[in-house]
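The data block below is query.pdb; it holds PDB, C-alpha atoms.
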ATOM      1  CA  MET A  21     -18.471 -28.298 -32.643
ATOM      2  CA  PRO A  22     -17.972 -28.482 -28.849
ATOM      3  CA  GLY A  23     -14.525 -27.264 -27.838
ATOM      4  CA  LYS A  24     -13.961 -25.374 -31.100
ATOM      5  CA  LYS A  25     -11.915 -22.210 -30.603
ATOM      6  CA  ILE A  26     -14.012 -19.135 -31.319
ATOM      7  CA  THR A  27     -12.349 -16.650 -33.649
ATOM      8  CA  ILE A  28     -13.076 -13.040 -34.520
ATOM      9  CA  LYS A  29     -14.615 -14.334 -37.764
ATOM     10  CA  ASP A  30     -17.176 -16.309 -35.746
ATOM     11  CA  ILE A  31     -17.982 -13.231 -33.674
ATOM     12  CA  ALA A  32     -18.484 -11.087 -36.783
ATOM     13  CA  LYS A  33     -20.755 -13.708 -38.347
ATOM     14  CA  ASN A  34     -22.850 -14.241 -35.197
ATOM     15  CA  CYS A  35     -23.239 -10.486 -34.676
ATOM     16  CA  GLY A  36     -24.161  -9.890 -38.322
ATOM     17  CA  VAL A  37     -21.309  -7.482 -39.015
ATOM     18  CA  GLY A  38     -18.240  -7.455 -41.189
ATOM     19  CA  LEU A  39     -14.833  -8.667 -39.990
ATOM     20  CA  GLY A  40     -13.385  -5.136 -39.974
ATOM     21  CA  THR A  41     -16.324  -3.775 -37.982
ATOM     22  CA  ALA A  42     -16.014  -6.559 -35.413
ATOM     23  CA  SER A  43     -12.287  -5.897 -35.067
ATOM     24  CA  ARG A  44     -12.783  -2.148 -34.574
ATOM     25  CA  ALA A  45     -15.571  -2.733 -32.041
ATOM     26  CA  ILE A  46     -13.487  -5.198 -30.020
ATOM     27  CA  ASN A  47     -10.379  -3.035 -29.994
ATOM     28  CA  GLY A  48     -12.166   0.238 -29.238
ATOM     29  CA  LYS A  49     -11.247   1.900 -32.510
ATOM     30  CA  PRO A  50     -13.338   4.619 -34.231
ATOM     31  CA  GLY A  51     -15.576   4.052 -37.246
ATOM     32  CA  VAL A  52     -18.221   1.918 -35.503
ATOM     33  CA  ARG A  53     -21.703   2.995 -34.467
ATOM     34  CA  GLU A  54     -22.086   2.890 -30.699
ATOM     35  CA  GLU A  55     -24.967   0.409 -30.771
ATOM     36  CA  ILE A  56     -22.901  -1.955 -32.928
ATOM     37  CA  ARG A  57     -19.889  -1.602 -30.630
ATOM     38  CA  LYS A  58     -21.982  -2.458 -27.564
ATOM     39  CA  LYS A  59     -23.624  -5.386 -29.379
ATOM     40  CA  VAL A  60     -20.253  -6.927 -30.270
ATOM     41  CA  GLN A  61     -18.713  -6.334 -26.857
ATOM     42  CA  ARG A  62     -21.821  -7.657 -25.089
ATOM     43  CA  TYR A  63     -21.675 -10.796 -27.204
ATOM     44  CA  CYS A  64     -17.995 -11.271 -26.335
ATOM     45  CA  GLU A  65     -18.767 -10.936 -22.643
ATOM     46  CA  GLU A  66     -21.646 -13.429 -22.861
ATOM     47  CA  ILE A  67     -19.500 -16.126 -24.463
ATOM     48  CA  GLY A  68     -16.474 -15.289 -22.298
ATOM     49  CA  TRP A  69     -14.264 -14.515 -25.294
ATOM     50  CA  ARG A  70     -10.955 -12.693 -24.830
ATOM     51  CA  SER A  71      -8.285 -11.713 -27.315
ATOM     52  CA  ASN A  72      -4.623 -11.021 -26.587
ATOM     53  CA  ASN A  73      -5.236  -7.279 -26.736
ATOM     54  CA  VAL A  74      -5.128  -5.689 -23.277
ATOM     55  CA  LYS A  75      -7.709  -3.049 -24.194
ATOM     56  CA  ASN A  76     -10.176  -5.739 -25.260
ATOM     57  CA  ARG A  77      -9.382  -7.945 -22.320
ATOM     58  CA  LEU A  78     -10.261  -5.126 -19.928
ATOM     59  CA  PHE A  79     -13.216  -4.001 -22.049
ATOM     60  CA  ILE A  80     -12.437  -0.369 -21.438
ATOM     61  CA  GLN A  81     -14.916   1.438 -23.647
ATOM     62  CA  GLU A  82     -14.029   4.937 -22.464
ATOM     63  CA  PRO A  83     -10.344   5.107 -21.449
ATOM     64  CA  LYS A  84     -10.636   8.798 -20.626
ATOM     65  CA  ARG A  85     -13.307   7.959 -18.044
ATOM     66  CA  THR A  86     -11.423   5.009 -16.570
ATOM     67  CA  ALA A  87      -9.147   4.833 -13.510
ATOM     68  CA  VAL A  88      -6.766   1.883 -13.240
ATOM     69  CA  PHE A  89      -5.458   0.662  -9.886
ATOM     70  CA  ILE A  90      -2.251  -1.374 -10.022
ATOM     71  CA  ALA A  91      -0.809  -3.518  -7.235
ATOM     72  CA  SER A  92       1.071  -6.719  -6.607
ATOM     73  CA  SER A  93      -1.032  -9.304  -4.775
ATOM     74  CA  ASP A  94       1.247  -9.384  -1.705
ATOM     75  CA  LEU A  95       0.482  -5.694  -1.066
ATOM     76  CA  LEU A  96      -3.203  -6.306  -0.446
ATOM     77  CA  LYS A  97      -2.797  -6.963   3.259
ATOM     78  CA  HIS A  98      -4.529  -5.195   6.118
ATOM     79  CA  GLU A  99      -1.281  -3.792   7.480
ATOM     80  CA  THR A 100      -0.807  -1.767   4.261
ATOM     81  CA  ASP A 101      -4.075   0.048   4.950
ATOM     82  CA  ASN A 102      -5.834  -1.182   1.833
ATOM     83  CA  SER A 103      -8.937   0.824   2.737
ATOM     84  CA  VAL A 104      -7.263   3.790   0.995
ATOM     85  CA  PRO A 105      -7.577   2.496  -2.600
ATOM     86  CA  PHE A 106     -11.160   1.428  -2.026
ATOM     87  CA  LEU A 107     -12.074   4.856  -0.656
ATOM     88  CA  ILE A 108     -10.473   6.410  -3.753
ATOM     89  CA  MET A 109     -12.305   3.938  -5.970
ATOM     90  CA  GLU A 110     -15.621   4.812  -4.346
ATOM     91  CA  GLY A 111     -14.976   8.537  -4.815
ATOM     92  CA  LEU A 112     -14.091   8.130  -8.500
ATOM     93  CA  GLN A 113     -17.146   5.982  -9.164
ATOM     94  CA  LYS A 114     -19.365   8.694  -7.667
ATOM     95  CA  LYS A 115     -17.837  11.067 -10.233
ATOM     96  CA  GLY A 116     -18.852   8.747 -13.063
ATOM     97  CA  PHE A 117     -15.541   6.948 -13.631
ATOM     98  CA  ASP A 118     -15.154   3.269 -14.367
ATOM     99  CA  THR A 119     -12.530   1.627 -12.156
ATOM    100  CA  VAL A 120     -10.294  -1.346 -12.935
ATOM    101  CA  PHE A 121      -8.130  -3.196 -10.411
ATOM    102  CA  LEU A 122      -5.090  -5.039 -11.799
ATOM    103  CA  LEU A 123      -2.825  -7.408  -9.871
ATOM    104  CA  GLY A 124       0.521  -8.546 -11.182
ATOM    105  CA  THR A 125       4.061  -7.428 -11.846
ATOM    106  CA  CYS A 126       3.631  -3.695 -11.397
ATOM    107  CA  SER A 127       6.425  -2.513 -13.707
ATOM    108  CA  HIS A 128       5.016  -4.670 -16.520
ATOM    109  CA  LEU A 129       1.465  -3.411 -15.953
ATOM    110  CA  LEU A 130       2.636   0.196 -15.937
ATOM    111  CA  GLN A 131       4.294  -0.258 -19.319
ATOM    112  CA  ARG A 132       1.039  -1.620 -20.735
ATOM    113  CA  MET A 133      -0.833   1.449 -19.565
ATOM    114  CA  LEU A 134       0.955   3.482 -22.256
ATOM    115  CA  ALA A 135      -1.092   1.685 -24.903
ATOM    116  CA  LEU A 136      -4.303   1.793 -22.890
ATOM    117  CA  LYS A 137      -4.101   5.519 -21.990
ATOM    118  CA  PRO A 138      -6.658   5.608 -19.139
ATOM    119  CA  TYR A 139      -7.631   8.828 -17.381
ATOM    120  CA  CYS A 140      -5.421   7.968 -14.444
ATOM    121  CA  VAL A 141      -3.334   5.255 -12.834
ATOM    122  CA  ILE A 142      -3.133   4.730  -9.082
ATOM    123  CA  GLU A 143      -0.016   2.803  -8.030
ATOM    124  CA  LEU A 144      -0.392   0.933  -4.750
ATOM    125  CA  GLY A 145       2.747   0.170  -2.785
ATOM    126  CA  VAL A 146       5.142   2.227  -4.892
ATOM    127  CA  SER A 147       8.768   1.300  -5.378
ATOM    128  CA  ASP A 148      11.910   3.035  -6.590
ATOM    129  CA  PHE A 149      11.795   0.663  -9.556
ATOM    130  CA  PHE A 150       8.540   2.278 -10.745
ATOM    131  CA  ALA A 151      10.173   5.665 -11.387
ATOM    132  CA  PRO A 152      11.035   5.346 -15.127
ATOM    133  CA  HIS A 153       7.652   3.779 -15.990
ATOM    134  CA  THR A 154       5.803   6.415 -13.976
ATOM    135  CA  ARG A 155       7.668   9.187 -15.782
ATOM    136  CA  GLU A 156       6.721   7.693 -19.160
ATOM    137  CA  LEU A 157       3.040   7.712 -18.196
ATOM    138  CA  LEU A 158       3.196  11.281 -16.914
ATOM    139  CA  ASP A 159       4.957  12.454 -20.077
ATOM    140  CA  ALA A 160       2.220  10.749 -22.105
ATOM    141  CA  GLY A 161      -0.423  12.878 -20.359
ATOM    142  CA  ILE A 162      -1.724  10.148 -18.034
ATOM    143  CA  ARG A 163      -2.408  11.206 -14.451
ATOM    144  CA  VAL A 164      -0.479   9.023 -12.005
ATOM    145  CA  ILE A 165      -0.311   9.022  -8.215
ATOM    146  CA  GLY A 166       1.414   6.662  -5.795
ATOM    147  CA  ILE A 167      -0.127   5.380  -2.567
ATOM    148  CA  GLY A 168       2.887   4.212  -0.609
ATOM    149  CA  GLU A 169       6.416   5.462  -0.194
ATOM    150  CA  ALA A 170       9.783   5.267  -1.867
ATOM    151  CA  TYR A 171      13.100   7.075  -1.711
ATOM    152  CA  SER A 172      12.732   8.098  -5.365
ATOM    153  CA  TYR A 173       9.378   8.632  -7.030
ATOM    154  CA  GLU A 174       8.259  10.463 -10.144
ATOM    155  CA  GLY A 175       5.059  12.416  -9.694
ATOM    156  CA  THR A 176       2.709  12.643  -6.720
ATOM    157  CA  VAL A 177       3.053  10.249  -3.803
ATOM    158  CA  LEU A 178       0.842  10.148  -0.712
ATOM    159  CA  HIS A 179       1.933   8.263   2.387
ATOM    160  CA  PRO A 180       1.785   8.298   6.194
ATOM    161  CA  ASP A 181       4.297  10.469   8.033
ATOM    162  CA  HIS A 182       6.240   7.673   9.712
ATOM    163  CA  TYR A 183       8.913  10.030  11.021
ATOM    164  CA  LYS A 184       6.396  12.192  12.841
ATOM    165  CA  VAL A 185       4.451   9.240  14.252
ATOM    166  CA  ALA A 186       7.677   7.704  15.581
ATOM    167  CA  VAL A 187       8.539  10.998  17.270
ATOM    168  CA  ASN A 188       5.059  11.075  18.824
ATOM    169  CA  ALA A 189       5.218   7.457  19.985
ATOM    170  CA  ALA A 190       8.689   7.805  21.467
ATOM    171  CA  SER A 191       7.717  11.077  23.170
ATOM    172  CA  PHE A 192       4.663   9.411  24.698
ATOM    173  CA  LEU A 193       6.827   6.621  26.125
ATOM    174  CA  LYS A 194       9.382   9.096  27.452
ATOM    175  CA  GLU A 195       6.645  11.113  29.158
ATOM    176  CA  LYS A 196       5.522   7.870  30.836
ATOM    177  CA  GLY A 197       9.000   7.407  32.274
ATOM    178  CA  HIS A 198      10.428   4.781  29.919
ATOM    179  CA  GLN A 199      14.196   5.212  29.576
ATOM    180  CA  ARG A 200      15.164   2.137  27.534
ATOM    181  CA  ILE A 201      12.937   1.220  24.594
ATOM    182  CA  ALA A 202      13.248  -1.269  21.717
ATOM    183  CA  PHE A 203      11.979  -1.360  18.144
ATOM    184  CA  PHE A 204      10.684  -4.533  16.443
ATOM    185  CA  GLY A 205      10.267  -4.303  12.667
ATOM    186  CA  GLY A 206      10.526  -6.037   9.338
ATOM    187  CA  LEU A 207      14.135  -5.708   8.240
ATOM    188  CA  GLY A 208      14.092  -8.725   5.975
ATOM    189  CA  ILE A 209      17.236 -10.828   6.001
ATOM    190  CA  LEU A 210      19.032  -8.507   8.431
ATOM    191  CA  LYS A 211      19.405  -9.856  11.959
ATOM    192  CA  GLY A 212      20.697  -6.552  13.315
ATOM    193  CA  LEU A 213      21.747  -3.042  12.356
ATOM    194  CA  LYS A 214      25.057  -1.225  12.436
ATOM    195  CA  SER A 215      23.856   1.987  10.794
ATOM    196  CA  LEU A 216      20.804   3.491   9.097
ATOM    197  CA  ASP A 217      22.585   3.077   5.765
ATOM    198  CA  GLU A 218      21.640  -0.605   5.931
ATOM    199  CA  VAL A 219      17.911   0.188   6.002
ATOM    200  CA  PHE A 220      16.389   0.119   2.529
ATOM    201  CA  ILE A 221      12.731   0.264   3.557
ATOM    202  CA  HIS A 222      11.683   3.904   3.605
ATOM    203  CA  ARG A 223       9.074   3.696   6.368
ATOM    204  CA  ILE A 224      11.385   1.719   8.687
ATOM    205  CA  ASP A 225      14.136   4.257   8.057
ATOM    206  CA  MET A 226      11.808   7.133   8.973
ATOM    207  CA  MET A 227      10.562   5.349  12.102
ATOM    208  CA  LEU A 228      14.082   4.795  13.392
ATOM    209  CA  ARG A 229      15.064   8.393  12.685
ATOM    210  CA  GLY A 230      12.005   9.571  14.607
ATOM    211  CA  ILE A 231      12.892   7.438  17.631
ATOM    212  CA  LEU A 232      16.494   8.683  17.552
ATOM    213  CA  ASN A 233      15.192  12.246  17.620
ATOM    214  CA  VAL A 234      13.610  11.600  21.030
ATOM    215  CA  TYR A 235      16.078   9.020  22.381
ATOM    216  CA  PRO A 236      19.577  10.101  21.233
ATOM    217  CA  ASP A 237      21.072   7.125  23.109
ATOM    218  CA  PHE A 238      18.846   4.650  21.228
ATOM    219  CA  ASP A 239      21.311   2.013  19.977
ATOM    220  CA  LEU A 240      20.686   0.533  16.523
ATOM    221  CA  GLY A 241      22.771  -2.506  17.362
ATOM    222  CA  SER A 242      21.092  -3.529  20.615
ATOM    223  CA  ASP A 243      17.696  -1.751  20.616
ATOM    224  CA  VAL A 244      16.507  -2.646  17.097
ATOM    225  CA  VAL A 245      15.243  -6.196  16.542
ATOM    226  CA  SER A 246      14.533  -7.608  13.091
ATOM    227  CA  ASP A 247      11.877 -10.207  12.365
ATOM    228  CA  SER A 248      14.569 -11.859  10.175
ATOM    229  CA  PHE A 249      11.900 -13.335   7.888
ATOM    230  CA  ASN A 250       9.926 -14.816  10.826
ATOM    231  CA  ASP A 251      12.964 -16.208  12.630
ATOM    232  CA  PRO A 252      12.190 -15.485  16.333
ATOM    233  CA  GLU A 253      15.706 -16.164  17.629
ATOM    234  CA  SER A 254      16.779 -12.506  17.795
ATOM    235  CA  LEU A 255      13.515 -11.369  19.381
ATOM    236  CA  ARG A 256      13.528 -14.057  22.068
ATOM    237  CA  ARG A 257      17.161 -13.383  22.900
ATOM    238  CA  VAL A 258      16.477  -9.680  23.531
ATOM    239  CA  LEU A 259      13.235 -10.330  25.420
ATOM    240  CA  LYS A 260      14.992 -12.727  27.797
ATOM    241  CA  LYS A 261      17.444  -9.986  28.806
ATOM    242  CA  ARG A 262      14.547  -7.778  29.966
ATOM    243  CA  ARG A 263      16.581  -4.643  29.372
ATOM    244  CA  HIS A 264      13.724  -2.730  27.699
ATOM    245  CA  THR A 265      10.615  -1.500  29.453
ATOM    246  CA  ALA A 266       8.792  -0.615  26.210
ATOM    247  CA  TRP A 267       8.621  -1.772  22.594
ATOM    248  CA  ILE A 268       7.498  -0.020  19.407
ATOM    249  CA  CYS A 269       6.209  -2.358  16.677
ATOM    250  CA  SER A 270       6.362  -1.289  13.043
ATOM    251  CA  GLU A 271       3.136  -3.053  12.036
ATOM    252  CA  GLU A 272       0.345  -5.328  13.195
ATOM    253  CA  ARG A 273       2.115  -8.602  12.343
ATOM    254  CA  MET A 274       5.158  -7.635  14.402
ATOM    255  CA  CYS A 275       2.957  -6.842  17.381
ATOM    256  CA  ARG A 276       1.294 -10.249  17.255
ATOM    257  CA  ILE A 277       4.680 -11.984  17.051
ATOM    258  CA  LEU A 278       5.959  -9.951  20.005
ATOM    259  CA  LEU A 279       2.877 -10.736  22.107
ATOM    260  CA  HIS A 280       3.162 -14.438  21.334
ATOM    261  CA  HIS A 281       6.803 -14.772  22.339
ATOM    262  CA  ALA A 282       6.449 -12.492  25.363
ATOM    263  CA  ALA A 283       3.629 -14.664  26.670
ATOM    264  CA  ASP A 284       5.655 -17.810  25.976
ATOM    265  CA  LEU A 285       8.505 -16.373  28.074
ATOM    266  CA  GLY A 286       6.196 -15.311  30.911
ATOM    267  CA  ILE A 287       6.583 -11.606  30.177
ATOM    268  CA  ARG A 288       3.426  -9.631  30.973
ATOM    269  CA  VAL A 289       1.916  -6.617  29.185
ATOM    270  CA  PRO A 290       2.002  -3.907  30.492
ATOM    271  CA  GLU A 291       3.391  -5.017  33.886
ATOM    272  CA  ASP A 292       6.749  -6.125  32.439
ATOM    273  CA  ILE A 293       6.856  -4.441  29.037
ATOM    274  CA  SER A 294       4.776  -1.733  27.384
ATOM    275  CA  ILE A 295       3.875  -1.883  23.674
ATOM    276  CA  ILE A 296       2.973   0.708  21.028
ATOM    277  CA  LEU A 297       1.920  -0.278  17.538
ATOM    278  CA  PHE A 298       1.797   1.554  14.185
ATOM    279  CA  SER A 299      -1.057   0.136  12.121
ATOM    280  CA  ALA A 300      -3.966   0.559   9.789
ATOM    281  CA  ALA A 301      -7.310   1.199  11.442
ATOM    282  CA  LEU A 302      -8.186  -1.744  13.694
ATOM    283  CA  PRO A 303     -11.298  -2.666  15.673
ATOM    284  CA  GLU A 304     -10.859  -2.352  19.438
ATOM    285  CA  TYR A 305     -11.179  -6.122  19.848
ATOM    286  CA  ALA A 306      -8.258  -6.785  17.462
ATOM    287  CA  PHE A 307      -5.867  -7.435  20.351
ATOM    288  CA  THR A 308      -6.043  -8.696  23.909
ATOM    289  CA  PRO A 309      -4.980  -6.659  25.770
ATOM    290  CA  ASP A 310      -6.091  -3.481  24.025
ATOM    291  CA  ILE A 311      -2.894  -2.217  22.379
ATOM    292  CA  THR A 312      -1.949   1.460  22.441
ATOM    293  CA  ARG A 313      -1.476   2.366  18.798
ATOM    294  CA  PHE A 314      -1.198   5.022  16.141
ATOM    295  CA  GLU A 315      -3.552   4.288  13.234
ATOM    296  CA  MET A 316      -3.113   5.571   9.663
ATOM    297  CA  ASP A 317      -5.493   8.302   8.540
ATOM    298  CA  ALA A 318      -6.959   6.580   5.484
ATOM    299  CA  PRO A 319      -9.841   9.047   4.810
ATOM    300  CA  SER A 320      -7.511  12.055   4.569
ATOM    301  CA  ARG A 321      -5.178  10.279   2.142
ATOM    302  CA  ALA A 322      -8.071   9.171  -0.022
ATOM    303  CA  GLN A 323      -9.588  12.663  -0.072
ATOM    304  CA  LYS A 324      -6.285  14.265  -1.058
ATOM    305  CA  ALA A 325      -5.794  11.639  -3.781
ATOM    306  CA  LEU A 326      -9.200  12.498  -5.248
ATOM    307  CA  GLU A 327      -8.429  16.228  -5.147
ATOM    308  CA  VAL A 328      -5.156  15.658  -6.991
ATOM    309  CA  LEU A 329      -6.624  13.309  -9.605
ATOM    310  CA  LEU A 330      -9.653  15.486 -10.346
ATOM    311  CA  ALA A 331      -7.853  18.840 -10.337
ATOM    312  CA  GLU A 332      -8.318  20.923 -13.483
ATOM    313  CA  ASN A 333      -4.552  21.180 -13.898
ATOM    314  CA  PHE A 334      -2.577  18.092 -12.946
ATOM    315  CA  ALA A 335       1.012  18.701 -11.825
ATOM    316  CA  THR A 336       3.456  16.192 -13.303
ATOM    317  CA  GLY A 337       6.430  17.126 -11.124
ATOM    318  CA  LYS A 338       7.556  15.422  -7.943
ATOM    319  CA  ARG A 339       5.217  16.065  -5.033
ATOM    320  CA  GLU A 340       4.961  14.411  -1.620
ATOM    321  CA  PHE A 341       1.961  14.591   0.719
ATOM    322  CA  LEU A 342       2.395  13.328   4.293
ATOM    323  CA  PHE A 343      -0.461  12.341   6.602
ATOM    324  CA  ASP A 344      -0.829  12.054  10.369
ATOM    325  CA  PHE A 345      -1.945   9.068  12.423
ATOM    326  CA  PHE A 346      -4.873   8.816  14.829
ATOM    327  CA  PHE A 347      -3.878   8.011  18.421
ATOM    328  CA  HIS A 348      -5.646   5.181  20.222
ATOM    329  CA  GLN A 349      -4.637   4.993  23.882
ATOM    330  CA  GLY A 350      -5.107   1.384  24.854
ATOM    331  CA  ALA A 351      -4.035  -0.489  27.972
ATOM    332  CA  SER A 352      -0.582  -1.679  26.890
ATOM    333  CA  VAL A 353       1.578   1.189  28.205
ATOM    334  CA  ALA A 354       2.509   1.380  31.867
ATOM    335  CA  ASP A 355       3.210   4.699  33.581
ATOM    336  CA  LEU A 356       6.648   4.410  35.253
ATOM    337  CA  ARG A 357       6.789   7.943  36.613
TER     338      ARG A 357
END

Will you turn the file into structure tokens for me?
Amino acid sequence: MPGKKITIKDIAKNCGVGLGTASRAINGKPGVREEIRKKVQRYCEEIGWRSNNVKNRLFIQEPKRTAVFIASSDLLKHETDNSVPFLIMEGLQKKGFDTVFLLGTCSHLLQRMLALKPYCVIELGVSDFFAPHTRELLDAGIRVIGIGEAYSYEGTVLHPDHYKVAVNAASFLKEKGHQRIAFFGGLGILKGLKSLDEVFIHRIDMMLRGILNVYPDFDLGSDVVSDSFNDPESLRRVLKKRRHTAWICSEERMCRILLHHAADLGIRVPEDISIILFSAALPEYAFTPDITRFEMDAPSRAQKALEVLLAENFATGKREFLFDFFFHQGASVADLR
């Protein structure tokens, strides 16, 4: 009958097997000949049937040869350098692994991995909230790495060295004769800063510390501008004062916002202000003018991730790997010397 809900009994009957055999084949349990298992699973795929069991829903036939990537959908943006997971995925596939990409509430997905027991889990955009779930997976013998950064993380985490890149960017501006610089970054609801204790985003914290290393007089209250959830009031107010000869932008989106409002106020780049951007790899035509920037080294992070995941002995303790940025000298920094 059209519209009739297909049950496991229907699948068993149509595949010519018993109910118990169908159940074991669907749920990946032992006691089923491989050709029968494939026949049942192929039939389920053809009719688009799914059960409530996560193992069946993912159709992971060989968990120990499967790598699961977990991310929330808002993390899959260019500014997060999403080429890294795909480079890792490509490397694992060349080694014969199946790869699965899951989007959703990360903490919930991590808990479900305990039942699935894949070879490894790659967490994209890690958070301090992941720590207890990550530890459970590691204790269960599942290899887990984090691509991102957090103040507290269980296991291996690989992320760009935002402190070092900020030191390099600030030093470059200082060498060019810039004495008063500003920072424009995503600080969420904050409209300004009184101290670094208010910064709860790890990479922003490291960037500001790097700038302070080079410019001890850098003032968090007057030289740091928050995007305030896309409210341009603070940015426009500081731009109008024209107190800063150079700006460092925490990511691509911030740079575009800065360029837009600078142009609207008649402020020229680099004649009036210089700009440096921290970003993922970008084509040279991404900005007009060509922005001087430090781009994340995605290949090195991906290669290190593969080395860690495929190592004969996987370390379950806390480990942090930091990676440099590539320097692209564009046309957005004026030499004031």

Shell around Met226 in chain A at 8 Å using all atoms listed in the file, local window under 5 positions removed, as JSON, numbers by chain:
{"A": [182, 183, 186]}

To one decimal place, how far is CA of Gly166 in chain A from CA of Val187 in chain A in Å?
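Rounded to one decimal, the two atoms are 24.5 Å apart.
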
Between A:Phe149, A:Tyr305, A:Phe249, A:Phe203, which one has atoms that come closest to Gly230 in chain A, using all atoms listed in the file?
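Of A:Phe149, A:Tyr305, A:Phe249, A:Phe203, the one nearest Gly230 in chain A is A:Phe203, counting all atoms listed in the file.
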
Using the chain letters and numbers from the file, which residues does the PyMOL selection byres ((chain A and resi 200) around 9) grab, as a VMD selection string?
chain A and resid 198 to 199 201 to 202 235 237 to 238 243 263 to 266

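The smallest atom-to-atom distance between Lys115 in chain A and any of A:Thr86, A:Ser299, A:Ser103, A:Ser172, using all atoms listed in the file, is found for A:Thr86.
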
Name all residues at most 8 Å from range 274-278 of chain A (count only C-alpha atoms; drop same-chain ones fewer than 4 positions away) and give them as JSON, numbers by chain.
{"A": [204, 205, 206, 247, 255, 269, 270, 282, 297]}

I'd like the residues picked by the PyMOL selection byres ((chain A and resi 340) around 9) written out as a ChimeraX atom specification, using the chain letters and numbers from the file.
/A:175-179,338-339,341-342

To test your reading of the syntax: which residues would the PyMOL selection byres ((chain A and resi 213) around 9) return for the file shown? Reply as a list in words.
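Given this file, the PyMOL selection byres ((chain A and resi 213) around 9) evaluates to Leu210, Lys211, Gly212, Lys214, Ser215, Leu216, Glu218, Val219, Leu240, Gly241, Ser242, Val244, Val245 and Ser246 of chain A.
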
Show me, as a ChimeraX atom specification, the residues that have an atom within 9 Å of range 351-356 of chain A when counting all atoms listed in the file, minus same-chain residues fewer than 2 positions from it.
/A:193,195-198,265-266,289-296,309-312,349

Could you give me, as a PyMOL selection string, the residues that sit within 9 Å of (-5.7, 6.2, -20.1) in the file's coordinates, counting only C-alpha atoms?
chain A and resi 82-88+133-141+161-163

May I ask for the distance between CA of Val52 in chain A and CA of Leu39 in chain A, given in Å to one decimal place?
12.0 Å

Rank nothing, just name the residue among A:Tyr173, A:Thr100, A:Ile90, A:Gly116 nearest to Glu143 in chain A, using all atoms listed in the file.
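Of the candidates, the smallest distance to Glu143 in chain A is held by A:Ile90.
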
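CA of Glu304 in chain A lies 19.8 Å from CA of Asp344 in chain A.
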
Compile the contact shell of Arg321 in chain A as a list in words: residues with an atom at most 8 Å away, counting only C-alpha atoms, same-chain residues fewer than 3 positions apart removed.
Val104, Leu178, His179, Asp317, Ala318, Lys324, Ala325 and Phe343 of chain A

From the list A:Thr336, A:Asn250, A:Asn34, A:Thr41, which residue is nearest Gly208 in chain A when using all atoms listed in the file?
A:Asn250
